[in-house]
Amino acid sequence: MLSTIDVQKFNTLIEINNLINSDYSDVHMLLTQIIDSAARLCEGEASSLLLLNRETGELYFEVALGLGAEVKKYTMKAGAGIAGWVVEHNKSVIVNDVQNDARYLIELFKQIGYPCKTMMAVPMRVKDECIGVIELINKKNDKYFIQDELEWLEIFSNQAAIALQNARSMERAREEIRLLQDELYTEEGYHPVIAKSPVTLEKIELIDRIAKTDSSVLILGESGVGKEIFAEQIHLRSPRSKEPFIRVNCAALPEGLLESELFGHVKGAFTHALGNRRGRFEMADGGTIFLDEIGDLPLSLQAKLLRVIQEKTFEKVGSDISQRVNVRILAATNKDIDELVKKGEFRSDLYYRLNVLPLYIPPLRQRPEDIPELAAFFLKKCIRTIKKQFDGFSDEAMEAMLSYSWPGNVRELENCIERACVIGKPPRIARDVLFLKNEPSSSEYGEGGNRNLKKAINLFKAHFIQKILKENHWNQTETAKALDIQRTYLSRLIKELDINPKEH
């Protein structure tokens with residue numbers, strides 16, 4: 001026949017098991033309830049749950065009841081103190097004369113102002129591996145803890161371990177779903193690199209060298225040039241390629257939400273913070289984080305980002321527990337960041353930390369050889385989604401695209417092709433459905449634009465000859481007849497214009 005206290009304990013166990021099997025939205029609250037029940041049923045005046053940080057080898061207080069809030073500021077090495085001994089030996093212990101126990105951390109209890117007389121501590125185990133410790137401090141009425149209570153505490157410890165393990169599994173599942181959603185949002189995760197111009201190919205070669213390091217990279221360039229695509233390539237060509245690639249647009253969220261997005265938050269940190277949340281830095285651990293529009297990062301968050309770069313640690317919003325991450329940082333901006341530094345709108349120390357390896361992406365007007373390649377790629381993409389069949393561009397359309405300045409760069413080109421596909425009629429995209437200005441501004445032909453008549457004519461020649469070669473299945477004799485030129489002259493043009501059939 002079970003005693004009254006046994007019935008009470010069993011009912012409490014059933015209640016906690018029901019909670020474990022129904023809700024992991026707030027694991028901290030669940031762990032707190034488990035510890036509170038253990039202390040109440042085993043008559044402990046105070047109780048705590050410490051978890052082991054495998055990276056640092058330190059124990060930190062996840063739950064502390066009756067010891068005061070100050071205790072959460074302290075950590076201890078595995079092996080130090082009674083709790084550390086439990087972790088090191090993976091064994092339970094009763095100490096009914098704490099003051100004379102060599103393992104007792106007297107300084108810690110002095111600092112928190114809590115006298116400790118008796119203690120009972122048990123390991124939290126997952127697959128026989130100790131992940132933390134539950135301890136009860138000072139049995140009520142100056143009594144001693146007994147073996148029967150130790151066995152009950154071990155049962156509570158097993159429940160806490162199950163709750164924590166399940167909550168972590170659920171959190172990993174949620175983050176994997178978020179990553180998959182990110183990949184869907186960015187169209188299959190990564191974008192292909194379309195490169196034909198010497199200047200772009202030179203950047204790709206530079207990326208191969210940059211990718212091998214772990215240094216921060218600052219990617220500069222006008223809006224729409226494809227900075228994110230180059231950031232992707234740095235990650236994909238790096239030793240971190242199998243780890244997460246996390247993207248954050250620093251201009252997309254207000255300051256309060258952006259801090260939570262980057263570093264995560266704990267329950268109750270602010271209104272509507274109904275549970276703990278991992279931030280993007282935590283999600284990127286082991287991999288790469290891409291901070292787009294870094295020039296828009298508020299000054300208050302710049303200091304926190306600098307600390308992550310220097311010390312690889314941060315705290316979640318509403319928490320004072322430091323977390324360590326191993327993340328490579330890639331940042332991008334279309335702003336004049338040197339000017340922002342001069343104005344005091346961007347921290348100079350953060351700028352120097354980010355700008356270890358600067359990478360400038362030139363605007364589309366400075367790499368016109370990429371225009372036909374990009375236009376063909378976007379056309380194929382639109383054909384799949386819009387369900388219209390186009391054979392390509394008319395000669396007039398290609399001429400218009402090659403002579404246009406593209407102030408919106410690659411993004412504008414993509415939007416232009418999509419619009420033309422929707423409005424245009426097969427078999428070819430005509431010039432009028434591109435809706436480009438008839439004449440580019442005079443600035444496009446200046447030295448900075450790297451544009452001249454000879455280059456524009458050669459680009460048009462290359463595109464036109466490629467088109468006729470394709471129509472004749474790359475038979476040069478038939479193509480020469482169609483172009484009404486000598487075959488030897490065609491061969492020379494193919495070589496001069498760097499027309500390669502393997503690329504088409």
# chains A, B, ... in the order shown; residues from 1 in each chain; ligands from 1

$ select_by_dssp --residues "stretch 311-454 of chain A" --states "alpha helix (DSSP H)" --output "PyMOL selection string"
chain A and resi 311+337-343+348-354+370-386+395-403+409-423+453-454

$ residues_around --residues "A:Ala420" --least-positions-apart "6" --cutoff "12 Å" --atoms "only C-alpha atoms" --output "ChimeraX atom specification"
/A:375,378-379,382-383,386,388,390,392-393,397,413-414,426,428-436

$ select_by_dssp --residues "stretch 170-278 of chain A" --states "strand (DSSP E)" --output "ChimeraX atom specification"
/A:217-220,245-249

$ write_last_selection --atoms "N, CA and C atoms" --output "mmCIF file, in the first residue's frame"
data_model
loop_
_atom_site.group_PDB
_atom_site.id
_atom_site.type_symbol
_atom_site.label_atom_id
_atom_site.label_comp_id
_atom_site.auth_asym_id
_atom_site.auth_seq_id
_atom_site.Cartn_x
_atom_site.Cartn_y
_atom_site.Cartn_z
ATOM 1 N N VAL A 217 34.056 39.431 -45.284
ATOM 2 C CA VAL A 217 34.083 40.021 -46.623
ATOM 3 C C VAL A 217 33.029 41.110 -46.703
ATOM 4 N N LEU A 218 33.402 42.272 -47.231
ATOM 5 C CA LEU A 218 32.453 43.363 -47.471
ATOM 6 C C LEU A 218 32.262 43.499 -48.977
ATOM 7 N N ILE A 219 31.047 43.203 -49.435
ATOM 8 C CA ILE A 219 30.732 43.236 -50.867
ATOM 9 C C ILE A 219 30.066 44.568 -51.180
ATOM 10 N N LEU A 220 30.672 45.321 -52.077
ATOM 11 C CA LEU A 220 30.192 46.657 -52.428
ATOM 12 C C LEU A 220 29.688 46.673 -53.866
ATOM 13 N N PHE A 245 23.729 28.464 -44.892
ATOM 14 C CA PHE A 245 23.975 29.803 -45.433
ATOM 15 C C PHE A 245 22.724 30.617 -45.106
ATOM 16 N N ILE A 246 22.851 31.540 -44.160
ATOM 17 C CA ILE A 246 21.700 32.283 -43.633
ATOM 18 C C ILE A 246 21.762 33.727 -44.132
ATOM 19 N N ARG A 247 20.624 34.207 -44.645
ATOM 20 C CA ARG A 247 20.545 35.558 -45.202
ATOM 21 C C ARG A 247 19.725 36.457 -44.284
ATOM 22 N N VAL A 248 20.169 37.699 -44.121
ATOM 23 C CA VAL A 248 19.427 38.684 -43.339
ATOM 24 C C VAL A 248 19.489 40.017 -44.083
ATOM 25 N N ASN A 249 18.315 40.623 -44.311
ATOM 26 C CA ASN A 249 18.269 41.958 -44.896
ATOM 27 C C ASN A 249 18.145 42.960 -43.756
#

$ closest_residue --among "A:Ala284, A:Ile34, A:Met398, A:Leu364" --to "A:Phe460" --atoms "only C-alpha atoms"
A:Met398

$ residues_around --residues "stretch 36-47 of chain A" --least-positions-apart "4" --cutoff "7 Å" --atoms "only C-alpha atoms" --output "compact mmCIF listing (two decimals) with all heavy atoms, in the first residue's frame"
# COMPACT_ATOMS: atom_id res chain seq x y z
N LYS A 9 3.52 11.94 -5.02
CA LYS A 9 4.65 11.96 -5.96
C LYS A 9 4.25 11.34 -7.30
O LYS A 9 4.58 11.87 -8.37
CB LYS A 9 5.85 11.22 -5.36
CG LYS A 9 6.54 12.00 -4.24
CD LYS A 9 7.68 11.21 -3.64
CE LYS A 9 8.36 12.00 -2.51
NZ LYS A 9 9.43 11.24 -1.87
N THR A 32 11.22 24.40 -15.11
CA THR A 32 10.99 25.07 -13.82
C THR A 32 9.95 24.33 -13.00
O THR A 32 10.10 24.15 -11.79
CB THR A 32 10.54 26.53 -14.05
OG1 THR A 32 11.56 27.23 -14.78
CG2 THR A 32 10.29 27.24 -12.73
N ALA A 64 16.85 28.34 -11.37
CA ALA A 64 17.32 28.50 -9.98
C ALA A 64 16.16 29.02 -9.15
O ALA A 64 15.71 30.15 -9.34
CB ALA A 64 18.51 29.45 -9.92
N LEU A 65 15.66 28.20 -8.23
CA LEU A 65 14.53 28.56 -7.39
C LEU A 65 14.98 28.71 -5.95
O LEU A 65 15.59 27.81 -5.39
CB LEU A 65 13.44 27.49 -7.49
CG LEU A 65 12.92 27.16 -8.90
CD1 LEU A 65 11.89 26.05 -8.84
CD2 LEU A 65 12.34 28.39 -9.56
N GLY A 66 14.70 29.88 -5.38
CA GLY A 66 15.03 30.12 -3.98
C GLY A 66 16.43 30.61 -3.73
O GLY A 66 16.79 30.90 -2.59
N LEU A 67 17.25 30.69 -4.78
CA LEU A 67 18.65 31.10 -4.61
C LEU A 67 18.88 32.57 -4.96
O LEU A 67 19.97 33.10 -4.74
CB LEU A 67 19.58 30.24 -5.48
CG LEU A 67 19.65 28.76 -5.12
CD1 LEU A 67 20.46 28.00 -6.17
CD2 LEU A 67 20.27 28.56 -3.75
N GLU A 135 19.94 19.84 -8.55
CA GLU A 135 20.37 19.78 -7.15
C GLU A 135 19.31 20.42 -6.24
O GLU A 135 18.67 21.41 -6.61
CB GLU A 135 21.73 20.47 -6.96
CG GLU A 135 21.78 21.91 -7.42
CD GLU A 135 23.17 22.52 -7.28
OE1 GLU A 135 24.14 21.77 -7.15
OE2 GLU A 135 23.25 23.76 -7.31
N LEU A 136 19.09 19.80 -5.09
CA LEU A 136 18.24 20.35 -4.04
C LEU A 136 19.13 20.77 -2.89
O LEU A 136 20.07 20.06 -2.51
CB LEU A 136 17.22 19.31 -3.54
CG LEU A 136 16.23 18.75 -4.57
CD1 LEU A 136 15.21 17.86 -3.88
CD2 LEU A 136 15.54 19.86 -5.33
N ILE A 137 18.84 21.93 -2.31
CA ILE A 137 19.70 22.52 -1.29
C ILE A 137 18.91 22.73 -0.01
O ILE A 137 17.80 23.28 -0.02
CB ILE A 137 20.29 23.86 -1.78
CG1 ILE A 137 21.09 23.63 -3.07
CG2 ILE A 137 21.15 24.52 -0.72
CD1 ILE A 137 21.44 24.89 -3.81
N ASN A 138 19.47 22.24 1.09
CA ASN A 138 18.92 22.43 2.44
C ASN A 138 17.55 21.78 2.61
O ASN A 138 16.51 22.34 2.25
CB ASN A 138 18.82 23.92 2.80
CG ASN A 138 20.18 24.57 2.94
OD1 ASN A 138 21.20 23.88 3.02
ND2 ASN A 138 20.20 25.89 2.96
N LYS A 139 17.56 20.59 3.19
CA LYS A 139 16.31 19.93 3.54
C LYS A 139 15.61 20.73 4.64
O LYS A 139 16.26 21.25 5.55
CB LYS A 139 16.60 18.51 4.03
CG LYS A 139 15.38 17.76 4.53
CD LYS A 139 14.96 16.68 3.60
CE LYS A 139 13.72 15.99 4.17
NZ LYS A 139 13.72 14.57 4.00
N LYS A 140 14.31 20.87 4.50
CA LYS A 140 13.54 21.67 5.45
C LYS A 140 13.64 21.11 6.87
O LYS A 140 13.86 19.92 7.07
CB LYS A 140 12.08 21.73 5.01
CG LYS A 140 11.86 22.55 3.74
CD LYS A 140 10.38 22.57 3.35
CE LYS A 140 10.19 23.42 2.10
NZ LYS A 140 8.77 23.43 1.66
N GLU A 149 14.66 9.66 -1.20
CA GLU A 149 14.44 10.96 -1.88
C GLU A 149 15.39 11.11 -3.06
O GLU A 149 15.02 11.70 -4.09
CB GLU A 149 14.64 12.09 -0.87
CG GLU A 149 13.53 12.14 0.18
CD GLU A 149 13.89 13.03 1.35
OE1 GLU A 149 15.09 13.17 1.66
OE2 GLU A 149 12.95 13.58 1.96
N LEU A 153 14.39 11.93 -6.87
CA LEU A 153 15.00 13.04 -7.62
C LEU A 153 15.57 12.55 -8.95
O LEU A 153 15.52 13.26 -9.96
CB LEU A 153 16.09 13.71 -6.77
CG LEU A 153 16.69 15.00 -7.37
CD1 LEU A 153 15.62 16.06 -7.58
CD2 LEU A 153 17.81 15.53 -6.48
N PHE A 156 12.76 12.46 -11.39
CA PHE A 156 12.47 13.81 -11.88
C PHE A 156 13.54 14.27 -12.88
O PHE A 156 13.25 14.96 -13.86
CB PHE A 156 12.38 14.79 -10.71
CG PHE A 156 11.08 14.73 -9.96
CD1 PHE A 156 10.99 14.11 -8.74
CD2 PHE A 156 9.93 15.30 -10.50
CE1 PHE A 156 9.80 14.05 -8.05
CE2 PHE A 156 8.73 15.24 -9.82
CZ PHE A 156 8.64 14.62 -8.59

$ atom_distance --atom1 "atom CA of A:Asp349" --atom2 "atom CA of A:Arg277"
29.3 Å
